[in-house]
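Down below is the structure, laid out as structure tokens.
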Amino acid sequence: MTTIVIKGGRTLQGTVRVSGSKNAGLPLLFAALLTAERCTMRGLPRVVDILTTLRLLERLGARVGDDEFSSIMVEAREFYSTEAPYDLVKTMRASFLALGPLVARTGRARVSTPGGCAIGSRPVDIHLAGLERMGVRIRHAHGYVEAEAEGPRLRGAKLPLDFPSVGATENLMMAATLADGVTVIENAAREPEIENLAGALVRMGARIEGAGTSNITIEGVRELGGFDVQVIPDRIEAGTLLIAGAIAGGSVYVEGARADHLDSLLVKLEEAGVEVESRDGGIAVTRRDRLVAADVRTSPHPGFPTDLQAQFMALMATAEGRSVIIEDIFENRFMHVQELVRMGADIKVEGKTAAVRGVPQLSGAPVMATDLRASVCLVLAALAAHNTTEISRVYHLDRGYERLEEKLSSVGACISRVRA
Ligand code: EPU
């Protein structure tokens, strides 16, 4: 069994570089299915979710290669299969993003339904309703969504989304690039990852306006070419590293972090008493005194990201006073609470609200990771805790954090991976 062992109580000092974004990289990889030409992505993080997606693309028939350490090429000249099988989709919900590109390019796709996942039920109804409006027949059979285009091309349509789903916006935007006519996605997600994807699609020859706003207009074209794009920095990893600096105390500069992607977190860090300095090439945080409580409520971008809720809760667990944390995106994203409580935190959960009363000192304990962000929240708590914390089930962490132990060690944390 592999565990991560952290000896807490060290302040952090120095510079750490943020990796490319997992959640921007994943849709870019699927966008490569829209063309027979080569697509190059620079700065993709080497994390398990990205590697799983590369395996899926290969199974579909794409050629995958890398020329230098940080760039990956995908070439989907022909398909052996248009099926995204259960064994891959069950490990990573983002595989559902194969659906839009496959059905737009080949007229059909068979993609396993993602099923439930630890952080909530996470249905795909918004993806499917949008595709149906674009002329895709959807059938559910044997745990799969079987999609078939009614005509030779999908047709452009008005797509009002019930909720600004990130994945549905990405799937539908990709599908619409090859549709006949104009598609308008209303109530679209506005996350920076959507803009990164739209930028790549435009380089492929797609006609897209409004990505990054609530209304995205896509005028379909007959064919797309390849792309060569840089993946944006991972705002969630950057936010996690900033919170690490704040919880451990000291001063950390996160090189590559973009303040324009992290506004809602930076405001809350300042409210909690952290000094924040945004520079051109990154963001620095310094924490001298004890933190003070700040309330957060997660919401779609530009609101406070659900993917930073667990990490912020770890921070509040050590702050002075009582903070209220409301999780409005996923119904079951408080699994870290019980583990934080085992480390001495005082947290009460009622429905989607957690009341956190900060304690002067957390204490190290053996704890268990339950999902990606929950696991990193335990790493953060451990940095501030008295004594040693041992975190098991660290494979969750490897899905989305690149070289985390190495990065935290480089700024002074005492953290190591132990293989028993
Ligand atoms: N939803 C529906 N129906 C749908 C789609 C979504 O009801 O058809 C609901 C979900 O159940 C959820 C909410 O809408 O309650 C938000 O889901 P969304 O579709 O926006 O999320 P996602 O695309 O599945 C991406 C990230 C998540 C991140 C969310 C929210 C990727 C690969 N994943 O997921 O990242 O939490 O957006 O920002 O981009 C993570 O990295 O740890 C992670 C979970």
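Every chain in the structure tokens takes a letter, A first, then B, and so on in the order presented; its residues are numbered from 1, and the ligands are numbered from 1 following the presented order.
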
Do you know which residues are within 7 Å of ligand 1 using only C-alpha atoms and all ligand atoms? Can you write them as number ranges by chain? A: 23-24, 26, 93-94, 120-127, 163-168, 300, 305-307, 329-331, 372-373, 400

From a backbone DSSP assignment, name each residue in range 30-254 of chain A labelled alpha helix (DSSP H), as JSON, numbers by chain. {"A": [30, 31, 48, 49, 50, 51, 52, 53, 54, 55, 56, 57, 58, 59, 60, 86, 87, 88, 89, 99, 100, 101, 102, 103, 104, 105, 106, 125, 126, 127, 128, 129, 130, 131, 132, 133, 166, 167, 168, 169, 170, 171, 172, 173, 174, 175, 176, 177, 192, 193, 194, 195, 196, 197, 198, 199, 200, 201, 202, 203, 235, 236, 237, 238, 239, 240, 241, 242, 243, 244, 245, 246, 247, 248]}

Write out as a ChimeraX atom specification which residues come within 8 Å of Gly273 in chain A when counting only C-alpha atoms, dropping same-chain ones fewer than 4 positions away. /A:269,287,289-292

File of the preceding selection, all heavy atoms, as a PDB file, in the first residue's frame:
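Final output, again19.pdb:
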```
ATOM      1  N   LEU A 269      -8.966  34.643   0.467  1.00  0.00           N
ATOM      2  CA  LEU A 269      -7.699  34.522   1.205  1.00  0.00           C
ATOM      3  C   LEU A 269      -7.405  35.829   1.933  1.00  0.00           C
ATOM      4  O   LEU A 269      -6.994  35.833   3.100  1.00  0.00           O
ATOM      5  CB  LEU A 269      -6.550  34.165   0.249  1.00  0.00           C
ATOM      6  CG  LEU A 269      -6.528  32.722  -0.269  1.00  0.00           C
ATOM      7  CD1 LEU A 269      -5.392  32.524  -1.276  1.00  0.00           C
ATOM      8  CD2 LEU A 269      -6.383  31.727   0.882  1.00  0.00           C
ATOM      9  N   ARG A 287       1.629  34.596   4.975  1.00  0.00           N
ATOM     10  CA  ARG A 287       0.757  34.586   6.159  1.00  0.00           C
ATOM     11  C   ARG A 287       1.630  34.688   7.394  1.00  0.00           C
ATOM     12  O   ARG A 287       2.509  33.887   7.613  1.00  0.00           O
ATOM     13  CB  ARG A 287      -0.064  33.301   6.180  1.00  0.00           C
ATOM     14  CG  ARG A 287      -1.318  33.392   6.996  1.00  0.00           C
ATOM     15  CD  ARG A 287      -1.145  32.855   8.391  1.00  0.00           C
ATOM     16  NE  ARG A 287      -1.027  31.406   8.383  1.00  0.00           N
ATOM     17  CZ  ARG A 287      -0.718  30.718   9.460  1.00  0.00           C
ATOM     18  NH1 ARG A 287      -0.447  31.335  10.610  1.00  0.00           N
ATOM     19  NH2 ARG A 287      -0.614  29.411   9.401  1.00  0.00           N
ATOM     20  N   ASP A 289       0.106  36.174  10.742  1.00  0.00           N
ATOM     21  CA  ASP A 289      -0.673  35.976  11.980  1.00  0.00           C
ATOM     22  C   ASP A 289      -1.648  34.816  11.811  1.00  0.00           C
ATOM     23  O   ASP A 289      -1.768  34.249  10.745  1.00  0.00           O
ATOM     24  CB  ASP A 289      -1.448  37.257  12.294  1.00  0.00           C
ATOM     25  CG  ASP A 289      -0.506  38.442  12.325  1.00  0.00           C
ATOM     26  OD1 ASP A 289       0.596  38.280  12.889  1.00  0.00           O
ATOM     27  OD2 ASP A 289      -0.844  39.480  11.744  1.00  0.00           O
ATOM     28  N   ARG A 290      -2.382  34.573  12.898  1.00  0.00           N
ATOM     29  CA  ARG A 290      -3.400  33.518  12.799  1.00  0.00           C
ATOM     30  C   ARG A 290      -4.479  33.947  11.803  1.00  0.00           C
ATOM     31  O   ARG A 290      -4.835  35.132  11.713  1.00  0.00           O
ATOM     32  CB  ARG A 290      -4.007  33.261  14.187  1.00  0.00           C
ATOM     33  CG  ARG A 290      -5.015  32.142  14.129  1.00  0.00           C
ATOM     34  CD  ARG A 290      -5.241  31.398  15.407  1.00  0.00           C
ATOM     35  NE  ARG A 290      -6.265  30.384  15.181  1.00  0.00           N
ATOM     36  CZ  ARG A 290      -7.188  30.042  16.052  1.00  0.00           C
ATOM     37  NH1 ARG A 290      -7.192  30.592  17.251  1.00  0.00           N
ATOM     38  NH2 ARG A 290      -8.084  29.132  15.768  1.00  0.00           N
ATOM     39  N   LEU A 291      -5.010  32.992  11.072  1.00  0.00           N
ATOM     40  CA  LEU A 291      -6.049  33.288  10.089  1.00  0.00           C
ATOM     41  C   LEU A 291      -7.366  33.620  10.785  1.00  0.00           C
ATOM     42  O   LEU A 291      -7.585  33.187  11.924  1.00  0.00           O
ATOM     43  CB  LEU A 291      -6.267  32.049   9.215  1.00  0.00           C
ATOM     44  CG  LEU A 291      -5.067  31.633   8.384  1.00  0.00           C
ATOM     45  CD1 LEU A 291      -5.157  30.166   7.994  1.00  0.00           C
ATOM     46  CD2 LEU A 291      -5.000  32.510   7.136  1.00  0.00           C
ATOM     47  N   VAL A 292      -8.223  34.347  10.068  1.00  0.00           N
ATOM     48  CA  VAL A 292      -9.561  34.590  10.626  1.00  0.00           C
ATOM     49  C   VAL A 292     -10.609  33.947   9.710  1.00  0.00           C
ATOM     50  O   VAL A 292     -10.369  33.756   8.519  1.00  0.00           O
ATOM     51  CB  VAL A 292      -9.863  36.104  10.800  1.00  0.00           C
ATOM     52  CG1 VAL A 292      -9.030  36.697  11.903  1.00  0.00           C
ATOM     53  CG2 VAL A 292      -9.673  36.851   9.495  1.00  0.00           C
TER      54      VAL A 292
END
```

Residue contacts of Asp263 in chain A (10 Å, only C-alpha atoms) excluding same-chain residues fewer than 5 positions away, as a list in words: Arg258, Lys268, Leu269, His301, Pro302, Gly303 and Phe304 of chain A

Got a sec: who's within 10 Å of range 57-73 of chain A, counting only C-alpha atoms, leaving out chain neighbours fewer than 3 positions off, as a PyMOL selection string? chain A and resi 20+29-30+32-33+36+38-46+51-54+76-85+95+98+102+227-231

Between CA of Leu241 in chain A and CA of Val356 in chain A, what is the distance, to one decimal in Å?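 These atoms are spaced 21.3 Å apart.
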
Any idea what's packed within 12 Å of range 136-141 of chain A, counting only C-alpha atoms, ignoring anything in its chain fewer than 6 positions away? Could you give it as a PyMOL selection string? chain A and resi 99-100+102-104+106-113+124-125+127-130+147-157+172+175-176+179

Write out as a PyMOL selection string the residues lying within 12 Å of Gly8 in chain A, counting only C-alpha atoms and excluding same-chain residues fewer than 3 positions away. chain A and resi 5+11-12+244+247-249+343+361-365+378-390+408-409+412-416

Work out how far apart CA of Leu315 in chain A and CA of Ile283 in chain A are and give it in Å to one decimal. 18.0 Å
